[in-house]
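Okay, so here's the structure we're looking at.
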Amino acid sequence: MASILVRVQPLSMTSNSPKLDRSSSRGIVNLVSPHHRNRIRGPSICCKLHGNKDFAVPRRNVLALILAGCIFSRANIHNLAYAQSVVFREYIDTFDGYSLKYPQNWIQVRGAGADIFFRDPYVLDENLSVDISSPSSSRYKSVEDLGSPDEAGKKVLRQYLTEFMSTRLGVRRESSILSTSSRVADDGRLYYQVEVNIKSYANNNELAVMPQERVVRLEWDRRYLSVLGVENNRLYELRIQTPEKTFSEEENDIREVMDSFRVNKVAV
């Protein structure tokens, strides 16, 4: 009786040279990240009939092998997808006057309240957006109008906490400013950078009478990174949100997005 032989090929690394892909309508450019030039090729499984009983795999074990492969794929889908996300796309808004790079596999979400909003399709807590002050109510001349980077960091943190204010019983937020800095980019403009951490805690049973029945648990732990710049008498803020547990893995690419943010003069 014929049986099925299953051979699993191990992971292999292939090196790809940088690619440049230019779109036609908006001057969108796809750029290869210098931090991810290696791509991971996933394991493959090949099956063939084999007549030798000594090296055969029983048919009933084939489904178990395939199921194990599916579990492996689901558990590593984000890691494999991220390892292959070596391309950045440049977004240029000539109407409002700013540009930035973002991971090509991120998707745009419309109606999110920001001027532009992109999010990771696998890690839903990871996203970036751009907020712009109203031209009728702001008259910024420089990002220094916010004060020093430290003073700007306190304002950014207060804004985040206001937005995340909750009316649920038993919700508590812990926050801290991780770093503040300033830099002059290659366009000659001054930018502030702010990084904060916010943790959200909640009771598992907020209506319980006895304190011991109200167990506090961590809901989420996120890092928020902001880049602030001024042009056209308006304040521009690039916001990046990422879970703290994945930040160390993606830090280089997140900082590349931050460094790419530019504000531009709008022609009147």
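Every chain in the structure tokens takes a letter, A first, then B, and so on in the order presented; its residues are numbered from 1, and the ligands are numbered from 1 following the presented order.
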
*Compile the contact shell of Asn233 (chain A) as a PyMOL selection string: residues with an atom at most 10 Å away, counting only C-alpha atoms, same-chain residues fewer than 2 positions apart removed.*
chain A and resi 133-142+230-231+235-236+265

Against region 243-264 of chain A, which residues of region 112-231 of chain A fall within 8 Å? For each one I want the closest pair of atoms and the distance in Å (one decimal), counting only C-alpha atoms, rows by chain and increasing residue number, as a tab-separated table.
```
residue	atom	partner	partner_atom	distance
A:Asp125	CA	A:Pro243	CA	6.4
A:Glu126	CA	A:Pro243	CA	6.7
A:Asp187	CA	A:Arg262	CA	7.8
A:Trp220	CA	A:Pro243	CA	7.7
A:Asp221	CA	A:Glu244	CA	5.8
A:Arg222	CA	A:Pro243	CA	4.4
A:Arg223	CA	A:Glu244	CA	5.5
A:Ser226	CA	A:Met258	CA	7.9
A:Val227	CA	A:Met258	CA	6.6
A:Gly229	CA	A:Val263	CA	6.6
A:Val230	CA	A:Val263	CA	7.0
A:Glu231	CA	A:Val263	CA	6.2
```

Can I get the selection written as a short mmCIF file (atom, residue, chain, number, x, y, z; two decimals), in the first residue's frame, with all heavy atoms?
```cif
data_model
loop_
_atom_site.label_atom_id
_atom_site.label_comp_id
_atom_site.auth_asym_id
_atom_site.auth_seq_id
_atom_site.Cartn_x
_atom_site.Cartn_y
_atom_site.Cartn_z
N ASP A 125 -3.17 47.88 16.96
CA ASP A 125 -2.79 48.95 17.88
C ASP A 125 -1.66 49.82 17.33
O ASP A 125 -1.26 50.78 17.98
CB ASP A 125 -2.36 48.37 19.23
CG ASP A 125 -3.52 48.28 20.20
OD1 ASP A 125 -4.62 48.75 19.84
OD2 ASP A 125 -3.34 47.76 21.31
N GLU A 126 -1.14 49.49 16.17
CA GLU A 126 -0.01 50.22 15.61
C GLU A 126 -0.50 51.08 14.44
O GLU A 126 -1.06 50.56 13.47
CB GLU A 126 1.08 49.25 15.15
CG GLU A 126 2.39 49.91 14.84
CD GLU A 126 3.51 48.89 14.73
OE1 GLU A 126 3.32 47.86 14.08
OE2 GLU A 126 4.59 49.14 15.29
N ASP A 187 15.86 70.22 5.58
CA ASP A 187 15.14 71.34 4.97
C ASP A 187 15.38 72.65 5.72
O ASP A 187 14.80 73.68 5.36
CB ASP A 187 13.64 71.04 4.90
CG ASP A 187 13.02 70.80 6.27
OD1 ASP A 187 13.77 70.82 7.27
OD2 ASP A 187 11.80 70.58 6.35
N TRP A 220 -3.73 47.81 28.29
CA TRP A 220 -2.77 48.01 27.21
C TRP A 220 -1.60 48.85 27.69
O TRP A 220 -1.69 49.56 28.68
CB TRP A 220 -3.42 48.64 25.96
CG TRP A 220 -4.34 49.81 26.18
CD1 TRP A 220 -5.70 49.78 26.22
CD2 TRP A 220 -3.97 51.20 26.36
NE1 TRP A 220 -6.20 51.05 26.43
CE2 TRP A 220 -5.17 51.94 26.51
CE3 TRP A 220 -2.76 51.88 26.41
CZ2 TRP A 220 -5.18 53.32 26.70
CZ3 TRP A 220 -2.77 53.26 26.60
CH2 TRP A 220 -3.97 53.96 26.75
N ASP A 221 -0.49 48.70 26.98
CA ASP A 221 0.77 49.40 27.30
C ASP A 221 1.34 49.87 25.97
O ASP A 221 1.82 49.07 25.17
CB ASP A 221 1.73 48.44 28.01
CG ASP A 221 3.04 49.12 28.40
OD1 ASP A 221 3.15 50.34 28.24
OD2 ASP A 221 3.95 48.40 28.85
N ARG A 222 1.29 51.19 25.74
CA ARG A 222 1.65 51.72 24.42
C ARG A 222 2.69 52.83 24.52
O ARG A 222 2.78 53.54 25.52
CB ARG A 222 0.40 52.28 23.72
CG ARG A 222 -0.70 51.29 23.48
CD ARG A 222 -1.93 52.00 22.97
NE ARG A 222 -3.08 51.10 22.81
CZ ARG A 222 -4.33 51.51 22.79
NH1 ARG A 222 -4.60 52.80 22.92
NH2 ARG A 222 -5.32 50.64 22.64
N ARG A 223 3.42 52.96 23.43
CA ARG A 223 4.33 54.09 23.28
C ARG A 223 3.77 55.02 22.20
O ARG A 223 3.33 54.57 21.15
CB ARG A 223 5.74 53.63 22.89
CG ARG A 223 6.73 54.79 22.76
CD ARG A 223 8.14 54.31 22.57
NE ARG A 223 8.62 53.53 23.71
CZ ARG A 223 9.88 53.50 24.12
NH1 ARG A 223 10.80 54.22 23.49
NH2 ARG A 223 10.24 52.76 25.13
N SER A 226 5.75 61.54 18.85
CA SER A 226 5.25 62.70 18.11
C SER A 226 6.41 63.49 17.53
O SER A 226 7.46 63.64 18.17
CB SER A 226 4.42 63.62 19.02
OG SER A 226 3.22 63.00 19.42
N VAL A 227 6.21 63.99 16.32
CA VAL A 227 7.15 64.92 15.69
C VAL A 227 6.35 66.18 15.38
O VAL A 227 5.30 66.11 14.73
CB VAL A 227 7.75 64.34 14.40
CG1 VAL A 227 8.75 65.33 13.80
CG2 VAL A 227 8.44 63.01 14.67
N GLY A 229 6.25 70.19 13.90
CA GLY A 229 6.88 71.19 13.05
C GLY A 229 5.89 72.30 12.72
O GLY A 229 4.67 72.10 12.83
N VAL A 230 6.40 73.44 12.31
CA VAL A 230 5.55 74.59 12.01
C VAL A 230 5.86 75.10 10.61
O VAL A 230 7.03 75.26 10.23
CB VAL A 230 5.74 75.72 13.05
CG1 VAL A 230 5.07 77.01 12.57
CG2 VAL A 230 5.18 75.30 14.40
N GLU A 231 4.81 75.36 9.85
CA GLU A 231 4.91 75.99 8.54
C GLU A 231 3.52 76.49 8.18
O GLU A 231 2.52 75.99 8.70
CB GLU A 231 5.43 75.00 7.49
CG GLU A 231 5.71 75.61 6.13
CD GLU A 231 6.68 76.78 6.18
OE1 GLU A 231 7.91 76.56 6.17
OE2 GLU A 231 6.17 77.93 6.25
#
```
